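K.L.:
Sending over structure.cif (mmCIF, C-alpha atoms and all ligand atoms).
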data_work
loop_
_atom_site.label_atom_id
_atom_site.label_comp_id
_atom_site.auth_asym_id
_atom_site.auth_seq_id
_atom_site.Cartn_x
_atom_site.Cartn_y
_atom_site.Cartn_z
CA MET A 1 5.53 49.49 -7.11
CA ASP A 2 5.85 47.86 -10.49
CA LYS A 3 3.25 45.11 -10.94
CA MET A 4 5.95 42.56 -11.79
CA GLU A 5 7.78 43.45 -8.58
CA GLN A 6 4.55 42.97 -6.66
CA LEU A 7 4.20 39.54 -8.23
CA TRP A 8 7.83 38.79 -7.34
CA ASN A 9 7.17 39.73 -3.71
CA TYR A 10 4.07 37.59 -3.66
CA MET A 11 6.09 34.68 -5.03
CA GLN A 12 8.57 34.86 -2.14
CA GLU A 13 5.80 34.33 0.40
CA ASP A 14 3.92 31.84 -1.79
CA ILE A 15 7.01 29.67 -2.19
CA LYS A 16 7.71 29.71 1.54
CA ALA A 17 4.22 28.34 2.07
CA ASP A 18 4.76 25.68 -0.61
CA LYS A 19 7.97 24.65 1.12
CA ILE A 20 6.15 24.06 4.41
CA ASP A 21 3.46 22.15 2.55
CA THR A 22 6.10 19.90 0.93
CA GLU A 23 7.75 19.37 4.31
CA ILE A 24 4.42 18.20 5.71
CA ARG A 25 3.87 15.82 2.82
CA ARG A 26 7.44 14.50 2.81
CA SER A 27 7.74 14.17 6.57
CA PRO A 28 9.79 11.01 7.29
CA LEU A 29 7.35 10.18 10.07
CA ARG A 30 4.45 10.40 7.66
CA GLN A 31 6.24 8.12 5.21
CA LYS A 32 6.96 5.64 8.00
CA LEU A 33 3.31 5.80 9.02
CA GLU A 34 2.20 5.07 5.45
CA LYS A 35 4.64 2.16 5.24
CA THR A 36 3.40 0.73 8.53
CA ARG A 37 -0.22 1.14 7.43
CA ASP A 38 0.58 -0.74 4.19
CA PHE A 39 2.29 -3.48 6.18
CA ILE A 40 -0.75 -3.85 8.46
CA MET A 41 -3.06 -4.04 5.45
CA ASP A 42 -0.85 -6.68 3.82
CA GLN A 43 -0.84 -8.72 7.03
CA GLN A 44 -4.61 -8.49 7.31
CA LYS A 45 -4.94 -9.71 3.75
CA LEU A 46 -2.53 -12.55 4.46
CA TYR A 47 -4.47 -13.47 7.60
CA LYS A 48 -7.68 -13.63 5.63
CA GLU A 49 -6.00 -15.91 3.10
CA MET A 50 -4.87 -18.16 5.97
CA GLU A 51 -8.43 -18.31 7.31
CA GLU A 52 -9.72 -19.25 3.87
CA ARG A 53 -7.11 -22.01 3.60
CA VAL A 54 -8.04 -23.30 7.06
CA SER A 55 -11.70 -23.37 6.08
CA ILE A 56 -10.92 -25.29 2.86
CA SER A 57 -8.74 -27.67 4.85
CA ILE A 58 -11.55 -28.32 7.37
CA ASP A 59 -14.01 -29.09 4.55
CA ARG A 60 -11.51 -31.48 2.98
CA LYS A 61 -10.91 -33.15 6.33
CA ASP A 62 -14.66 -33.64 6.90
CA GLY A 63 -14.97 -35.24 3.46
CA ILE A 64 -12.12 -37.64 4.12
CA VAL A 65 -13.39 -38.54 7.60
CA ASP A 66 -16.74 -39.53 6.02
CA ALA A 67 -15.04 -41.55 3.28
CA LEU A 68 -12.85 -43.23 5.90
CA LYS A 69 -15.94 -44.22 7.92
CA ARG A 70 -17.51 -45.75 4.83
CA SER A 71 -14.37 -47.73 4.03
CA GLU A 72 -14.13 -48.97 7.62
CA GLU A 73 -17.78 -50.12 7.46
CA GLN A 74 -17.05 -51.85 4.19
CA LEU A 75 -14.05 -53.62 5.74
CA ARG A 76 -16.14 -54.74 8.73
CA ALA A 77 -18.77 -56.11 6.36
CA LEU A 78 -16.11 -58.04 4.42
CA GLN A 79 -14.64 -59.43 7.65
CA GLU A 80 -18.10 -60.48 8.85
CA ARG A 81 -18.70 -62.23 5.56
CA LEU A 82 -15.35 -63.98 5.96
CA GLU A 83 -16.40 -65.23 9.40
CA ASN A 84 -20.10 -65.94 8.89
CA ASP A 85 -20.16 -67.00 5.28
CA PRO A 86 -16.65 -68.23 4.41
CA PRO A 87 -15.93 -68.72 0.69
CA ARG A 88 -16.49 -72.20 -0.54
CA ASP A 89 -13.73 -72.38 -3.10
CA ALA A 90 -10.23 -71.05 -3.50
CA GLU A 91 -11.19 -68.62 -6.23
CA SER A 92 -13.90 -66.81 -4.27
CA ALA A 93 -11.60 -66.85 -1.19
CA LYS A 94 -8.93 -65.12 -3.23
CA ALA A 95 -11.41 -62.56 -4.55
CA LEU A 96 -12.69 -61.78 -1.05
CA LEU A 97 -9.18 -61.39 0.33
CA GLN A 98 -8.35 -59.10 -2.56
CA ASP A 99 -11.36 -56.93 -1.66
CA VAL A 100 -10.20 -56.85 1.97
CA GLU A 101 -6.70 -55.85 0.91
CA LYS A 102 -8.02 -53.12 -1.40
CA CYS A 103 -10.20 -51.77 1.38
CA ARG A 104 -7.26 -51.70 3.82
CA LYS A 105 -5.14 -49.82 1.30
CA THR A 106 -7.89 -47.24 0.80
CA ILE A 107 -8.21 -46.80 4.58
CA SER A 108 -4.46 -46.40 4.89
CA SER A 109 -4.35 -43.73 2.18
CA TYR A 110 -7.20 -41.82 3.88
CA GLU A 111 -5.36 -41.99 7.19
CA GLN A 112 -2.22 -40.71 5.55
CA GLU A 113 -4.18 -37.87 3.99
CA LEU A 114 -5.65 -36.97 7.38
CA ARG A 115 -2.18 -36.88 8.96
CA HIS A 116 -1.08 -34.58 6.13
CA ILE A 117 -4.06 -32.25 6.66
CA HIS A 118 -3.41 -32.24 10.39
CA LYS A 119 0.24 -31.26 9.84
CA GLU A 120 -0.79 -28.57 7.36
CA GLY A 121 -3.37 -27.30 9.86
CA ASN A 122 -0.70 -26.96 12.53
CA GLU A 123 1.50 -25.02 10.14
CA LEU A 124 -1.36 -22.71 9.20
CA ASP A 125 -2.11 -22.14 12.89
CA ALA A 126 1.50 -21.25 13.59
CA ARG A 127 1.63 -18.84 10.65
CA SER A 128 -1.67 -17.24 11.64
CA ARG A 129 -0.36 -16.72 15.17
CA THR A 130 2.79 -15.06 13.81
CA ILE A 131 0.75 -12.83 11.51
CA ARG A 132 -1.59 -11.84 14.36
CA HIS A 133 1.36 -11.05 16.58
CA ASP A 134 3.21 -9.02 13.92
CA THR A 135 0.03 -7.12 13.09
CA ALA A 136 -0.61 -6.28 16.73
CA VAL A 137 2.97 -5.04 17.18
CA ALA A 138 2.72 -2.95 13.99
CA LYS A 139 -0.63 -1.51 15.11
CA GLN A 140 0.84 -0.43 18.43
CA GLU A 141 3.78 1.15 16.64
CA PHE A 142 1.39 2.83 14.21
CA ASP A 143 -0.72 4.34 17.01
CA ARG A 144 2.38 5.57 18.83
CA MET A 145 3.80 7.18 15.67
CA LYS A 146 0.41 8.60 14.73
CA GLU A 147 0.21 10.47 18.00
CA VAL A 148 3.66 12.02 17.47
CA TYR A 149 2.84 12.73 13.83
CA ASN A 150 -0.47 14.41 14.66
CA LYS A 151 1.30 16.76 17.05
CA GLU A 152 3.99 17.51 14.45
CA ALA A 153 1.37 17.97 11.72
CA ARG A 154 -0.70 20.33 13.87
CA GLU A 155 2.34 22.51 14.49
CA LYS A 156 3.33 22.50 10.83
CA LYS A 157 -0.26 23.19 9.77
CA THR A 158 -0.38 26.27 12.01
CA LEU A 159 2.88 27.41 10.45
CA LEU A 160 1.53 26.74 6.96
CA ASP A 161 -1.74 28.58 7.62
CA SER A 162 0.13 31.60 8.93
CA GLN A 163 2.51 31.64 5.95
CA ARG A 164 -0.37 31.13 3.53
CA SER A 165 -2.21 34.15 5.01
CA LYS A 166 0.95 36.17 4.68
CA ALA A 167 1.06 35.34 0.97
CA ASP A 168 -2.70 35.83 0.53
CA ALA A 169 -2.45 39.28 2.13
CA LEU A 170 -0.42 40.35 -0.92
CA LEU A 171 -2.87 38.92 -3.43
CA HIS A 172 -5.11 41.99 -3.65
CA GLN A 173 -2.26 43.95 -5.26
CA ILE A 174 -1.79 41.41 -8.03
CA ASP A 175 -3.46 41.78 -11.39
CA PRO A 176 -5.79 38.74 -11.73
CA GLU A 177 -4.69 38.04 -15.30
CA LEU A 178 -1.06 38.07 -14.21
CA LEU A 179 -1.86 35.80 -11.29
CA SER A 180 -3.56 33.33 -13.58
CA ILE A 181 -0.43 33.17 -15.81
CA TYR A 182 1.72 32.85 -12.69
CA ASN A 183 -0.34 29.88 -11.47
CA THR A 184 -0.24 28.20 -14.88
CA VAL A 185 3.56 28.52 -15.08
CA LYS A 186 3.92 27.37 -11.47
CA LYS A 187 2.21 24.10 -12.35
CA GLN A 188 5.07 23.47 -14.79
CA ILE A 189 8.00 24.93 -12.90
CA SER A 190 8.66 26.44 -9.49
CA PRO A 191 9.67 29.11 -8.64
CA PRO A 192 7.74 30.43 -11.63
CA ILE A 193 9.48 33.81 -11.94
CA ALA A 194 13.16 34.34 -12.69
CA ARG A 195 15.19 37.51 -12.84
CA LEU A 196 17.25 38.36 -15.87
CA VAL A 197 20.95 38.43 -15.04
CA TYR A 198 23.20 39.71 -17.83
CA GLY A 199 20.61 38.77 -20.42
CA GLN A 200 20.24 35.25 -19.01
CA CYS A 201 17.31 33.58 -17.26
CA SER A 202 18.54 33.05 -13.71
CA GLY A 203 16.32 29.97 -13.43
CA CYS A 204 18.06 27.95 -16.15
CA ASN A 205 20.98 30.22 -17.19
CA THR A 206 19.91 30.41 -20.82
CA SER A 207 20.70 33.58 -22.77
CA GLN A 208 17.53 35.24 -24.00
CA PRO A 209 17.02 36.57 -27.53
CA SER A 210 17.36 40.34 -27.93
CA ALA A 211 13.71 40.73 -28.87
CA ALA A 212 12.73 39.22 -25.53
CA LEU A 213 15.23 41.42 -23.69
CA ARG A 214 13.81 44.52 -25.34
CA LYS A 215 10.28 43.50 -24.46
CA ILE A 216 11.19 42.93 -20.82
CA ASP A 217 13.10 46.19 -20.68
CA ALA A 218 10.12 48.08 -22.02
CA GLY A 219 7.81 46.34 -19.56
CA ASP A 220 5.75 45.32 -22.55
CA GLY A 221 3.70 42.32 -21.40
CA ILE A 222 4.77 38.94 -20.08
CA VAL A 223 7.88 37.23 -21.42
CA GLU A 224 8.52 33.60 -20.64
CA CYS A 225 11.92 31.94 -20.87
CA GLU A 226 12.05 29.89 -24.06
CA THR A 227 13.91 27.11 -22.30
CA CYS A 228 12.35 26.69 -18.86
CA GLY A 229 9.10 28.60 -19.31
CA ARG A 230 9.59 30.88 -16.28
CA ILE A 231 8.21 34.40 -16.32
CA LEU A 232 11.19 36.70 -16.76
CA ILE A 233 11.58 40.00 -14.95
CA LYS A 234 14.24 42.71 -14.88
ZN ZN B 1 14.85 29.78 -18.06
#
Is it possible to express this structure as structure tokens?
P.N.:
Amino acid sequence: MDKMEQLWNYMQEDIKADKIDTEIRRSPLRQKLEKTRDFIMDQQKLYKEMEERVSISIDRKDGIVDALKRSEEQLRALQERLENDPPRDAESAKALLQDVEKCRKTISSYEQELRHIHKEGNELDARSRTIRHDTAVAKQEFDRMKEVYNKEAREKKTLLDSQRSKADALLHQIDPELLSIYNTVKKQISPPIARLVYGQCSGCNTSQPSAALRKIDAGDGIVECETCGRILIK
């Protein structure tokens, strides 16, 4: 058999194997699995962010609780002074009452801040619970799909291996130099060999120059289509 025909025959089996390989990679189930895995990873990241926010919120709360305690002590001290050592004139009475008022305002703002943190904490808790729930559901779905996918992939892999051996069985007939050109062209375009039909490349339907046609006709080395780069054969 002509060496180009042998290469052509090899290509038929090689391309069948490639097709199975593509099917495995483009399996809708595999794509769904990848999407679910990405979702789970996003949720885990989000959950971590929530935890960090909760931790910041707790630190802030602790700081405010301490400041509130100090202000309350200060207020008690002012009230004690008011009882035990009342101001002797109107001016110092006014000043003391102003201090009391200022202290009360500070306490009130701390209390408001604490209520705000508490509310925010509840919201963070609720969101964290939702995230945990969604992640758990997605994980279950992922495991279920993975099991189905593994079975499907095993079957396809067996098919691929068998087709690949079928192609490989033809390899020994192929001239190594020719095979190397074939593989280089295949990286650019597949299928990498096209037949000439009425002087045209059947891969891209471009008419070939007469010099190329003569070369192919004479079986004089490899001719590649000027347009698509495929190896041309009679
Ligand atoms: Zn072409």
K.L.:
What does the distance from CA of Asp42 in chain A to CA of Val54 in chain A come to in Å, to one decimal?
P.N.:
18.4 Å
K.L.:
Env of Ser55 in chain A: 12 Å cut, atoms = all atoms listed in the file, seq-sep filter 6 positions within chain, self excluded. Answer as a ChimeraX atom specification.
P.N.:
/A:48-49,61-62,117,121,124-125
K.L.:
Show which residues sit within 10 Å of range 223-225 of chain A, as a ChimeraX atom specification. Count only C-alpha atoms, and ignore same-chain residues fewer than 4 positions away.
P.N.:
/A:185,192-194,196,200-209,212-213,215-216,219,229-233
K.L.:
Go through A:Lys69, A:Arg127, A:Arg88, A:Arg195 one by one, measure the shortest atom-to-atom distance of each to ligand ZN 1 (chain B) using all atoms listed in the file, and give the residue with the smallest value.
P.N.:
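The closest residue to ligand ZN 1 (chain B) is A:Arg195.
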K.L.:
When you count all atoms listed in the file, which of these residues is closest to Arg37 in chain A: A:Asp2, A:Asp143, A:Glu152, A:Asp217?
P.N.:
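The shortest atom-to-atom distance to Arg37 in chain A comes from A:Asp143.
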